[in-house]
file start_23.pdb (PDB, C-alpha atoms and all ligand atoms)
ATOM      1  CA  MET A   1      82.412  55.935 159.685  1.00  0.00           C
ATOM      2  CA  ASN A   2      80.292  52.819 159.401  1.00  0.00           C
ATOM      3  CA  ASP A   3      81.550  51.343 162.641  1.00  0.00           C
ATOM      4  CA  LEU A   4      79.645  54.034 164.544  1.00  0.00           C
ATOM      5  CA  PHE A   5      76.455  52.135 163.728  1.00  0.00           C
ATOM      6  CA  SER A   6      75.533  49.165 165.813  1.00  0.00           C
ATOM      7  CA  GLY A   7      72.964  47.779 163.337  1.00  0.00           C
ATOM      8  CA  PRO A   8      73.675  46.426 159.862  1.00  0.00           C
ATOM      9  CA  SER A   9      75.987  48.670 157.836  1.00  0.00           C
ATOM     10  CA  PRO A  10      74.303  50.832 155.151  1.00  0.00           C
ATOM     11  CA  VAL A  11      75.928  48.558 152.569  1.00  0.00           C
ATOM     12  CA  ASP A  12      74.452  45.414 154.115  1.00  0.00           C
ATOM     13  CA  ALA A  13      71.082  47.107 154.595  1.00  0.00           C
ATOM     14  CA  LEU A  14      70.931  47.993 150.911  1.00  0.00           C
ATOM     15  CA  ARG A  15      72.251  44.611 149.760  1.00  0.00           C
ATOM     16  CA  ALA A  16      69.408  42.885 151.622  1.00  0.00           C
ATOM     17  CA  VAL A  17      66.758  44.716 149.586  1.00  0.00           C
ATOM     18  CA  LEU A  18      68.505  45.111 146.212  1.00  0.00           C
ATOM     19  CA  ASP A  19      66.158  42.724 144.431  1.00  0.00           C
ATOM     20  CA  GLN A  20      63.166  44.897 145.324  1.00  0.00           C
ATOM     21  CA  LEU A  21      64.506  47.859 143.357  1.00  0.00           C
ATOM     22  CA  SER A  22      63.739  48.753 139.757  1.00  0.00           C
ATOM     23  CA  PRO A  23      66.385  47.424 137.309  1.00  0.00           C
ATOM     24  CA  LYS A  24      67.906  50.908 136.978  1.00  0.00           C
ATOM     25  CA  ASP A  25      68.112  51.546 140.730  1.00  0.00           C
ATOM     26  CA  ARG A  26      69.387  48.022 141.288  1.00  0.00           C
ATOM     27  CA  ALA A  27      72.254  48.523 138.836  1.00  0.00           C
ATOM     28  CA  PHE A  28      73.100  51.819 140.546  1.00  0.00           C
ATOM     29  CA  GLY A  29      72.902  50.174 143.977  1.00  0.00           C
ATOM     30  CA  GLU A  30      75.178  47.329 142.911  1.00  0.00           C
ATOM     31  CA  SER A  31      77.859  49.690 141.595  1.00  0.00           C
ATOM     32  CA  LEU A  32      77.531  51.848 144.705  1.00  0.00           C
ATOM     33  CA  ILE A  33      78.061  48.841 146.983  1.00  0.00           C
ATOM     34  CA  ALA A  34      81.013  47.695 144.875  1.00  0.00           C
ATOM     35  CA  SER A  35      82.745  51.062 145.070  1.00  0.00           C
ATOM     36  CA  VAL A  36      82.205  51.377 148.841  1.00  0.00           C
ATOM     37  CA  GLU A  37      83.598  47.872 149.286  1.00  0.00           C
ATOM     38  CA  ARG A  38      86.618  48.739 147.158  1.00  0.00           C
ATOM     39  CA  ALA A  39      87.216  51.578 149.661  1.00  0.00           C
ATOM     40  CA  ARG A  40      87.048  48.970 152.453  1.00  0.00           C
ATOM     41  CA  GLY A  41      83.667  50.126 153.644  1.00  0.00           C
ATOM     42  CA  ARG A  42      84.482  53.813 153.727  1.00  0.00           C
ATOM     43  CA  ALA A  43      81.603  55.715 152.174  1.00  0.00           C
ATOM     44  CA  SER A  44      81.498  59.427 151.348  1.00  0.00           C
ATOM     45  CA  ASP A  45      78.553  61.489 152.577  1.00  0.00           C
ATOM     46  CA  LYS A  46      77.109  61.357 149.085  1.00  0.00           C
ATOM     47  CA  GLN A  47      77.479  57.577 148.935  1.00  0.00           C
ATOM     48  CA  LEU A  48      75.899  57.259 152.392  1.00  0.00           C
ATOM     49  CA  TYR A  49      73.007  59.374 151.226  1.00  0.00           C
ATOM     50  CA  TRP A  50      72.420  57.114 148.216  1.00  0.00           C
ATOM     51  CA  LEU A  51      72.799  53.897 150.206  1.00  0.00           C
ATOM     52  CA  ALA A  52      70.019  55.119 152.498  1.00  0.00           C
ATOM     53  CA  GLU A  53      67.901  56.570 149.703  1.00  0.00           C
ATOM     54  CA  LEU A  54      67.949  53.349 147.655  1.00  0.00           C
ATOM     55  CA  ALA A  55      67.164  51.242 150.721  1.00  0.00           C
ATOM     56  CA  LYS A  56      64.212  53.544 151.396  1.00  0.00           C
ATOM     57  CA  ARG A  57      62.974  53.207 147.804  1.00  0.00           C
ATOM     58  CA  ALA A  58      63.148  49.431 148.032  1.00  0.00           C
ATOM     59  CA  SER A  59      60.876  49.352 151.062  1.00  0.00           C
ATOM     60  CA  ALA A  60      58.400  51.993 149.809  1.00  0.00           C
ATOM     61  CA  PRO A  61      54.953  50.531 149.106  1.00  0.00           C
ATOM     62  CA  LYS A  62      54.511  49.691 145.437  1.00  0.00           C
ATOM     63  CA  PRO A  63      51.490  51.175 143.659  1.00  0.00           C
ATOM     64  CA  GLU A  64      48.662  48.685 143.272  1.00  0.00           C
ATOM     65  CA  ARG A  65      48.532  47.063 139.840  1.00  0.00           C
ATOM     66  CA  THR A  66      45.486  44.976 139.130  1.00  0.00           C
ATOM     67  CA  ARG A  67      46.335  41.891 137.089  1.00  0.00           C
ATOM     68  CA  THR A  68      43.937  40.061 134.827  1.00  0.00           C
ATOM     69  CA  GLU A  69      44.588  36.861 132.919  1.00  0.00           C
ATOM     70  CA  ILE A  70      44.112  37.574 129.210  1.00  0.00           C
ATOM     71  CA  GLY A  71      45.202  34.208 127.824  1.00  0.00           C
ATOM     72  CA  ASP A  72      47.846  32.863 125.485  1.00  0.00           C
ATOM     73  CA  LEU A  73      49.520  35.799 123.733  1.00  0.00           C
ATOM     74  CA  ALA A  74      51.289  33.729 121.060  1.00  0.00           C
ATOM     75  CA  GLY A  75      48.870  34.672 118.275  1.00  0.00           C
ATOM     76  CA  VAL A  76      49.068  38.386 119.066  1.00  0.00           C
ATOM     77  CA  MET A  77      52.856  38.311 119.240  1.00  0.00           C
ATOM     78  CA  ALA A  78      53.079  36.386 115.953  1.00  0.00           C
ATOM     79  CA  LEU A  79      50.894  39.008 114.273  1.00  0.00           C
ATOM     80  CA  PHE A  80      53.008  41.892 115.602  1.00  0.00           C
ATOM     81  CA  ASP A  81      56.275  40.067 114.828  1.00  0.00           C
ATOM     82  CA  LYS A  82      55.163  39.631 111.239  1.00  0.00           C
ATOM     83  CA  ALA A  83      54.250  43.328 110.976  1.00  0.00           C
ATOM     84  CA  ARG A  84      57.577  44.395 112.449  1.00  0.00           C
ATOM     85  CA  GLU A  85      59.336  42.911 109.441  1.00  0.00           C
ATOM     86  CA  LYS A  86      57.767  45.754 107.436  1.00  0.00           C
ATOM     87  CA  LEU A  87      56.774  48.446 109.922  1.00  0.00           C
ATOM     88  CA  LYS A  88      58.832  50.200 112.565  1.00  0.00           C
ATOM     89  CA  ARG A  89      55.980  50.640 115.005  1.00  0.00           C
ATOM     90  CA  PRO A  90      52.937  48.534 114.095  1.00  0.00           C
ATOM     91  CA  VAL A  91      49.684  49.556 115.758  1.00  0.00           C
ATOM     92  CA  VAL A  92      46.236  47.971 115.964  1.00  0.00           C
ATOM     93  CA  THR A  93      43.276  50.101 116.981  1.00  0.00           C
ATOM     94  CA  LEU A  94      40.369  48.046 118.245  1.00  0.00           C
ATOM     95  CA  ARG A  95      36.892  49.082 119.324  1.00  0.00           C
ATOM     96  CA  PHE A  96      35.546  47.477 122.476  1.00  0.00           C
ATOM     97  CA  ASP A  97      31.993  47.803 123.806  1.00  0.00           C
ATOM     98  CA  GLY A  98      31.848  50.146 126.777  1.00  0.00           C
ATOM     99  CA  VAL A  99      35.452  51.247 126.229  1.00  0.00           C
ATOM    100  CA  GLY A 100      35.767  52.869 122.820  1.00  0.00           C
ATOM    101  CA  ASP A 101      38.828  52.793 120.618  1.00  0.00           C
ATOM    102  CA  VAL A 102      41.840  51.080 122.160  1.00  0.00           C
ATOM    103  CA  ARG A 103      45.336  51.280 120.744  1.00  0.00           C
ATOM    104  CA  LEU A 104      47.760  48.363 120.986  1.00  0.00           C
ATOM    105  CA  ASP A 105      51.449  48.440 120.186  1.00  0.00           C
ATOM    106  CA  VAL A 106      54.588  46.624 121.276  1.00  0.00           C
ATOM    107  CA  ALA A 107      56.751  48.373 123.890  1.00  0.00           C
ATOM    108  CA  GLY A 108      60.204  49.192 122.493  1.00  0.00           C
ATOM    109  CA  THR A 109      63.593  48.266 123.892  1.00  0.00           C
ATOM    110  CA  THR A 110      63.808  51.413 126.037  1.00  0.00           C
ATOM    111  CA  ALA A 111      60.376  50.872 127.634  1.00  0.00           C
ATOM    112  CA  ARG A 112      59.956  49.721 131.214  1.00  0.00           C
ATOM    113  CA  VAL A 113      58.815  46.284 130.057  1.00  0.00           C
ATOM    114  CA  PRO A 114      60.229  45.792 126.534  1.00  0.00           C
ATOM    115  CA  GLY A 115      58.207  43.440 124.347  1.00  0.00           C
ATOM    116  CA  SER A 116      54.989  43.866 126.337  1.00  0.00           C
ATOM    117  CA  ILE A 117      51.880  45.184 124.586  1.00  0.00           C
ATOM    118  CA  ASN A 118      50.931  48.739 125.501  1.00  0.00           C
ATOM    119  CA  VAL A 119      47.192  49.269 125.834  1.00  0.00           C
ATOM    120  CA  SER A 120      45.968  52.852 125.655  1.00  0.00           C
ATOM    121  CA  SER A 121      43.096  54.946 124.437  1.00  0.00           C
ATOM    122  CA  ALA A 122      43.307  56.038 120.805  1.00  0.00           C
ATOM    123  CA  GLY A 123      44.297  59.530 119.745  1.00  0.00           C
ATOM    124  CA  ARG A 124      47.445  61.485 119.261  1.00  0.00           C
ATOM    125  CA  TRP A 125      50.576  60.986 121.317  1.00  0.00           C
ATOM    126  CA  GLY A 126      50.322  62.942 124.561  1.00  0.00           C
ATOM    127  CA  GLU A 127      46.520  62.822 124.517  1.00  0.00           C
ATOM    128  CA  ARG A 128      46.190  59.077 125.075  1.00  0.00           C
ATOM    129  CA  THR A 129      45.326  57.428 128.360  1.00  0.00           C
ATOM    130  CA  TRP A 130      47.621  54.498 129.115  1.00  0.00           C
ATOM    131  CA  TYR A 131      45.450  51.687 130.495  1.00  0.00           C
ATOM    132  CA  GLY A 132      48.297  49.257 131.135  1.00  0.00           C
ATOM    133  CA  ARG A 133      50.282  46.516 129.439  1.00  0.00           C
ATOM    134  CA  ILE A 134      49.865  42.895 128.474  1.00  0.00           C
ATOM    135  CA  LEU A 135      52.907  40.975 129.607  1.00  0.00           C
ATOM    136  CA  GLN A 136      54.375  38.183 127.485  1.00  0.00           C
ATOM    137  CA  ASP A 137      52.830  35.629 129.845  1.00  0.00           C
ATOM    138  CA  GLY A 138      49.350  36.852 128.916  1.00  0.00           C
ATOM    139  CA  THR A 139      48.664  38.904 132.049  1.00  0.00           C
ATOM    140  CA  PHE A 140      47.158  42.367 131.719  1.00  0.00           C
ATOM    141  CA  GLU A 141      48.751  44.678 134.255  1.00  0.00           C
ATOM    142  CA  ALA A 142      46.508  47.703 134.722  1.00  0.00           C
ATOM    143  CA  SER A 143      47.953  51.174 135.237  1.00  0.00           C
ATOM    144  CA  PRO A 144      47.725  52.111 138.934  1.00  0.00           C
ATOM    145  CA  ARG A 145      46.934  55.704 137.947  1.00  0.00           C
ATOM    146  CA  VAL A 146      43.775  55.422 135.867  1.00  0.00           C
ATOM    147  CA  HIS A 147      40.514  53.587 136.162  1.00  0.00           C
ATOM    148  CA  THR A 148      40.503  50.703 133.680  1.00  0.00           C
ATOM    149  CA  PRO A 149      37.193  50.323 131.848  1.00  0.00           C
ATOM    150  CA  GLU A 150      35.493  47.121 133.022  1.00  0.00           C
ATOM    151  CA  GLN A 151      35.001  45.634 129.565  1.00  0.00           C
ATOM    152  CA  LEU A 152      38.592  46.201 128.481  1.00  0.00           C
ATOM    153  CA  ALA A 153      39.817  42.806 129.704  1.00  0.00           C
ATOM    154  CA  ASP A 154      36.986  41.012 127.875  1.00  0.00           C
ATOM    155  CA  GLY A 155      37.913  42.744 124.643  1.00  0.00           C
ATOM    156  CA  LEU A 156      41.584  41.893 125.089  1.00  0.00           C
ATOM    157  CA  LYS A 157      40.730  38.252 125.801  1.00  0.00           C
ATOM    158  CA  ALA A 158      38.733  38.020 122.585  1.00  0.00           C
ATOM    159  CA  PHE A 159      41.588  39.625 120.655  1.00  0.00           C
ATOM    160  CA  ALA A 160      44.170  37.233 122.160  1.00  0.00           C
ATOM    161  CA  CYS A 161      42.034  34.254 121.080  1.00  0.00           C
ATOM    162  CA  ASP A 162      41.857  35.304 117.435  1.00  0.00           C
ATOM    163  CA  PRO A 163      43.796  38.523 116.737  1.00  0.00           C
ATOM    164  CA  ALA A 164      43.477  38.598 112.944  1.00  0.00           C
ATOM    165  CA  GLY A 165      39.855  37.471 113.141  1.00  0.00           C
ATOM    166  CA  VAL A 166      38.899  40.226 115.614  1.00  0.00           C
ATOM    167  CA  ALA A 167      40.716  42.926 113.636  1.00  0.00           C
ATOM    168  CA  SER A 168      39.026  41.702 110.471  1.00  0.00           C
ATOM    169  CA  ALA A 169      35.553  41.498 112.050  1.00  0.00           C
ATOM    170  CA  GLN A 170      35.918  44.983 113.524  1.00  0.00           C
ATOM    171  CA  GLY A 171      37.019  46.305 110.139  1.00  0.00           C
ATOM    172  CA  LEU A 172      33.782  44.924 108.729  1.00  0.00           C
ATOM    173  CA  THR A 173      31.582  46.485 111.425  1.00  0.00           C
ATOM    174  CA  THR A 174      33.341  49.875 111.559  1.00  0.00           C
ATOM    175  CA  GLY A 175      34.082  50.137 107.835  1.00  0.00           C
ATOM    176  CA  ARG A 176      37.664  51.120 108.653  1.00  0.00           C
ATOM    177  CA  CYS A 177      40.868  49.113 108.581  1.00  0.00           C
ATOM    178  CA  ARG A 178      41.867  48.505 112.227  1.00  0.00           C
ATOM    179  CA  PHE A 179      45.572  48.658 111.344  1.00  0.00           C
ATOM    180  CA  CYS A 180      45.670  52.074 109.643  1.00  0.00           C
ATOM    181  CA  GLU A 181      42.157  53.386 110.390  1.00  0.00           C
ATOM    182  CA  ILE A 182      41.550  54.238 106.735  1.00  0.00           C
ATOM    183  CA  GLU A 183      38.048  53.736 105.371  1.00  0.00           C
ATOM    184  CA  LEU A 184      37.560  50.508 103.422  1.00  0.00           C
ATOM    185  CA  THR A 185      36.307  51.399  99.962  1.00  0.00           C
ATOM    186  CA  ASP A 186      37.639  48.598  97.730  1.00  0.00           C
ATOM    187  CA  GLU A 187      35.222  45.667  97.675  1.00  0.00           C
ATOM    188  CA  ARG A 188      38.056  43.204  98.302  1.00  0.00           C
ATOM    189  CA  SER A 189      39.116  45.205 101.374  1.00  0.00           C
ATOM    190  CA  ALA A 190      35.538  45.570 102.522  1.00  0.00           C
ATOM    191  CA  ALA A 191      35.161  41.786 102.186  1.00  0.00           C
ATOM    192  CA  VAL A 192      38.019  40.975 104.586  1.00  0.00           C
ATOM    193  CA  GLY A 193      37.848  44.042 106.851  1.00  0.00           C
ATOM    194  CA  TYR A 194      41.308  45.491 106.178  1.00  0.00           C
ATOM    195  CA  GLY A 195      43.156  47.128 103.312  1.00  0.00           C
ATOM    196  CA  LYS A 196      45.561  45.700 100.752  1.00  0.00           C
ATOM    197  CA  THR A 197      48.682  47.414 102.123  1.00  0.00           C
ATOM    198  CA  CYS A 198      47.934  46.366 105.695  1.00  0.00           C
ATOM    199  CA  ALA A 199      47.218  42.816 104.541  1.00  0.00           C
ATOM    200  CA  ALA A 200      50.727  42.715 103.036  1.00  0.00           C
ATOM    201  CA  ASN A 201      52.306  44.341 106.110  1.00  0.00           C
ATOM    202  CA  TRP A 202      50.559  42.059 108.605  1.00  0.00           C
ATOM    203  CA  GLY A 203      50.746  38.858 106.552  1.00  0.00           C
ATOM    204  CA  LEU A 204      47.001  38.464 106.036  1.00  0.00           C
ATOM    205  CA  PRO A 205      45.067  37.118 103.025  1.00  0.00           C
ATOM    206  CA  TRP A 206      43.597  39.702 100.671  1.00  0.00           C
ATOM    207  CA  GLY A 207      42.237  39.862  97.156  1.00  0.00           C
ATOM    208  CA  ALA A 208      39.411  37.347  97.000  1.00  0.00           C
ATOM    209  CA  ARG A 209      36.237  38.761  95.464  1.00  0.00           C
ATOM    210  CA  PRO A 210      33.223  38.570  97.744  1.00  0.00           C
ATOM    211  CA  SER A 211      31.478  35.247  97.112  1.00  0.00           C
ATOM    212  CA  ARG A 212      28.214  35.547  95.243  1.00  0.00           C
ATOM    213  CA  GLN A 213      25.049  33.731  96.114  1.00  0.00           C
ATOM    214  CA  PRO A 214      24.320  32.333  92.591  1.00  0.00           C
ATOM    215  CA  GLU A 215      27.684  30.520  92.512  1.00  0.00           C
ATOM    216  CA  LEU A 216      26.953  28.998  95.895  1.00  0.00           C
ATOM    217  CA  ALA A 217      23.563  27.917  94.655  1.00  0.00           C
ATOM    218  CA  LEU A 218      25.147  26.247  91.611  1.00  0.00           C
ATOM    219  CA  THR A 219      27.620  24.218  93.628  1.00  0.00           C
ATOM    220  CA  ALA A 220      25.121  23.314  96.328  1.00  0.00           C
TER     221      ALA A 220
HETATM  222 ZN    ZN B 301      44.977  49.480 106.781  1.00  0.00          ZN
END

call {"tool": "encode", "arguments": {"input": "start_23.pdb", "output": "structure tokens"}}
result
Amino acid sequence: MNDLFSGPSPVDALRAVLDQLSPKDRAFGESLIASVERARGRASDKQLYWLAELAKRASAPKPERTRTEIGDLAGVMALFDKAREKLKRPVVTLRFDGVGDVRLDVAGTTARVPGSINVSSAGRWGERTWYGRILQDGTFEASPRVHTPEQLADGLKAFACDPAGVASAQGLTTGRCRFCEIELTDERSAAVGYGKTCAANWGLPWGARPSRQPELALTA
């Protein structure tokens, strides 16, 4: 059947563009090529259809994804890694000027980019806007489908620089723990900007009484 074509065979045409396919399509394409080759190049109509379809997908224009350098992600990953010892799906909700509440969590093993940090608006599942993901190399890859708020990258950069410090500072200004969003009522929690349970889950210091001015005056 293939020898009717004068150009490259459908198998060769697909093989040339395999690396431009998504991992899933690439795996499918590889097994398709292997089975056609086992049949000495004889492809069924269905196989011919998929050889052409996958080749077409590989050459389709990719949606535009704006990339912004966020910075070294090591601190953020260390914080999430620590929390994952205790929590199945740790989440931080941050508040950025001009953006509002932003939810960060680590993409699971079945996600498109496992181990990247999902960045979305806050709210319940299904009602959130997915802004994009921070890749392990510290690049923010914006969703091609939504407009990314301009100040989002600045907020993410600040968080990457000092994740625990930003979460703590925002807990102080909002009066709510940025890890569980519960109001900070205990004076020790209010002093550090996050609650006791979250401190234990995320490996952060907690429990010091707020320092008092008279003591400072005495030691000065
Ligand atoms: Zn909390």

call {"tool": "residues_near_ligand", "arguments": {"input": "start_23.pdb", "ligand": "ligand ZN 301 (chain B)", "cutoff": "10 Å", "atoms": "all atoms listed in the file", "output": "list in words"}}
result
Val92, Gly171, Arg176, Cys177, Arg178, Phe179, Cys180, Glu181, Ile182, Glu183, Leu184, Ser189, Gly193, Tyr194, Gly195, Lys196, Thr197, Cys198, Ala199, Ala200, Asn201 and Trp202 of chain A

call {"tool": "resolve_selection", "arguments": {"input": "start_23.pdb", "expression": "the PyMOL selection byres (((chain A and resi 10) around 10) and not hetatm)", "output": "VMD selection string"}}
result
chain A and resid 2 5 7 to 9 11 to 16 33 41 43 47 to 52 55

call {"tool": "resolve_selection", "arguments": {"input": "start_23.pdb", "expression": "the PyMOL selection byres (((chain A and resi 143) around 9) and not hetatm)", "output": "PyMOL selection string"}}
result
chain A and resi 64-66+130-133+141-142+144-148

call {"tool": "residues_around", "arguments": {"input": "start_23.pdb", "residues": "range 95-106 of chain A", "least_positions_apart": "6", "cutoff": "7 Å", "atoms": "all atoms listed in the file", "output": "MDAnalysis selection string"}}
result
chainID A and resid 115:122 149 151:152 155

call {"tool": "write_last_selection", "arguments": {"input": "start_23.pdb", "atoms": "C-alpha atoms", "output": "PDB file, keeping the file's coordinate frame"}}
result
ATOM      1  CA  GLY A 115      58.207  43.440 124.347  1.00  0.00           C
ATOM      2  CA  SER A 116      54.989  43.866 126.337  1.00  0.00           C
ATOM      3  CA  ILE A 117      51.880  45.184 124.586  1.00  0.00           C
ATOM      4  CA  ASN A 118      50.931  48.739 125.501  1.00  0.00           C
ATOM      5  CA  VAL A 119      47.192  49.269 125.834  1.00  0.00           C
ATOM      6  CA  SER A 120      45.968  52.852 125.655  1.00  0.00           C
ATOM      7  CA  SER A 121      43.096  54.946 124.437  1.00  0.00           C
ATOM      8  CA  ALA A 122      43.307  56.038 120.805  1.00  0.00           C
ATOM      9  CA  PRO A 149      37.193  50.323 131.848  1.00  0.00           C
ATOM     10  CA  GLN A 151      35.001  45.634 129.565  1.00  0.00           C
ATOM     11  CA  LEU A 152      38.592  46.201 128.481  1.00  0.00           C
ATOM     12  CA  GLY A 155      37.913  42.744 124.643  1.00  0.00           C
TER      13      GLY A 155
END

call {"tool": "atom_distance", "arguments": {"input": "start_23.pdb", "atom1": "CA of Phe140 in chain A", "atom2": "CA of Ile70 in chain A"}}
result
6.2 Å

call {"tool": "atom_distance", "arguments": {"input": "start_23.pdb", "atom1": "CA of Pro61 in chain A", "atom2": "CA of Leu18 in chain A"}}
result
14.9 Å

call {"tool": "atom_distance", "arguments": {"input": "start_23.pdb", "atom1": "CA of Gln136 in chain A", "atom2": "CA of Leu21 in chain A"}}
result
21.2 Å

call {"tool": "decode", "arguments": {"input": "start_23.pdb", "residues": "range 118-170 of chain A", "atoms": "C-alpha atoms", "output": "CSV table (one decimal), in the first residue's frame"}}
result
chain,number,residue,atom,x,y,z
A,118,ASN,CA,0.3,25.1,39.8
A,119,VAL,CA,-0.7,28.8,40.0
A,120,SER,CA,-4.4,29.5,40.0
A,121,SER,CA,-6.9,31.9,41.5
A,122,ALA,CA,-8.3,30.9,44.9
A,123,GLY,CA,-11.7,29.3,45.4
A,124,ARG,CA,-13.3,26.0,45.1
A,125,TRP,CA,-12.2,23.3,42.6
A,126,GLY,CA,-13.9,24.0,39.3
A,127,GLU,CA,-14.3,27.7,40.0
A,128,ARG,CA,-10.6,28.5,39.9
A,129,THR,CA,-8.8,30.2,37.0
A,130,TRP,CA,-5.5,28.4,36.2
A,131,TYR,CA,-2.9,31.1,35.5
A,132,GLY,CA,-0.1,28.7,34.7
A,133,ARG,CA,2.7,26.7,36.2
A,134,ILE,CA,6.2,27.4,37.6
A,135,LEU,CA,8.5,24.8,36.2
A,136,GLN,CA,11.3,23.3,38.3
A,137,ASP,CA,13.8,25.5,36.5
A,138,GLY,CA,12.1,28.6,37.9
A,139,THR,CA,10.3,29.6,34.8
A,140,PHE,CA,6.6,30.7,35.0
A,141,GLU,CA,4.7,29.3,32.0
A,142,ALA,CA,1.5,31.3,31.6
A,143,SER,CA,-1.7,29.6,30.5
A,144,PRO,CA,-2.3,30.4,26.8
A,145,ARG,CA,-6.1,30.6,27.5
A,146,VAL,CA,-6.4,33.3,30.2
A,147,HIS,CA,-4.9,36.7,30.6
A,148,THR,CA,-2.3,36.6,33.4
A,149,PRO,CA,-2.5,39.5,35.8
A,150,GLU,CA,0.5,41.8,35.3
A,151,GLN,CA,1.7,41.8,38.9
A,152,LEU,CA,1.5,38.0,39.3
A,153,ALA,CA,5.1,37.4,38.2
A,154,ASP,CA,6.3,40.0,40.7
A,155,GLY,CA,4.5,38.3,43.5
A,156,LEU,CA,5.8,34.9,42.5
A,157,LYS,CA,9.4,36.3,42.4
A,158,ALA,CA,9.1,37.7,45.9
A,159,PHE,CA,7.7,34.3,47.1
A,160,ALA,CA,10.5,32.4,45.4
A,161,CYS,CA,13.1,34.6,47.2
A,162,ASP,CA,11.7,33.9,50.7
A,163,PRO,CA,8.7,31.6,50.7
A,164,ALA,CA,8.3,31.2,54.4
A,165,GLY,CA,9.0,34.8,55.0
A,166,VAL,CA,6.3,35.9,52.4
A,167,ALA,CA,3.7,33.5,53.8
A,168,SER,CA,4.5,34.7,57.3
A,169,ALA,CA,4.4,38.4,56.4
A,170,GLN,CA,1.1,37.9,54.5
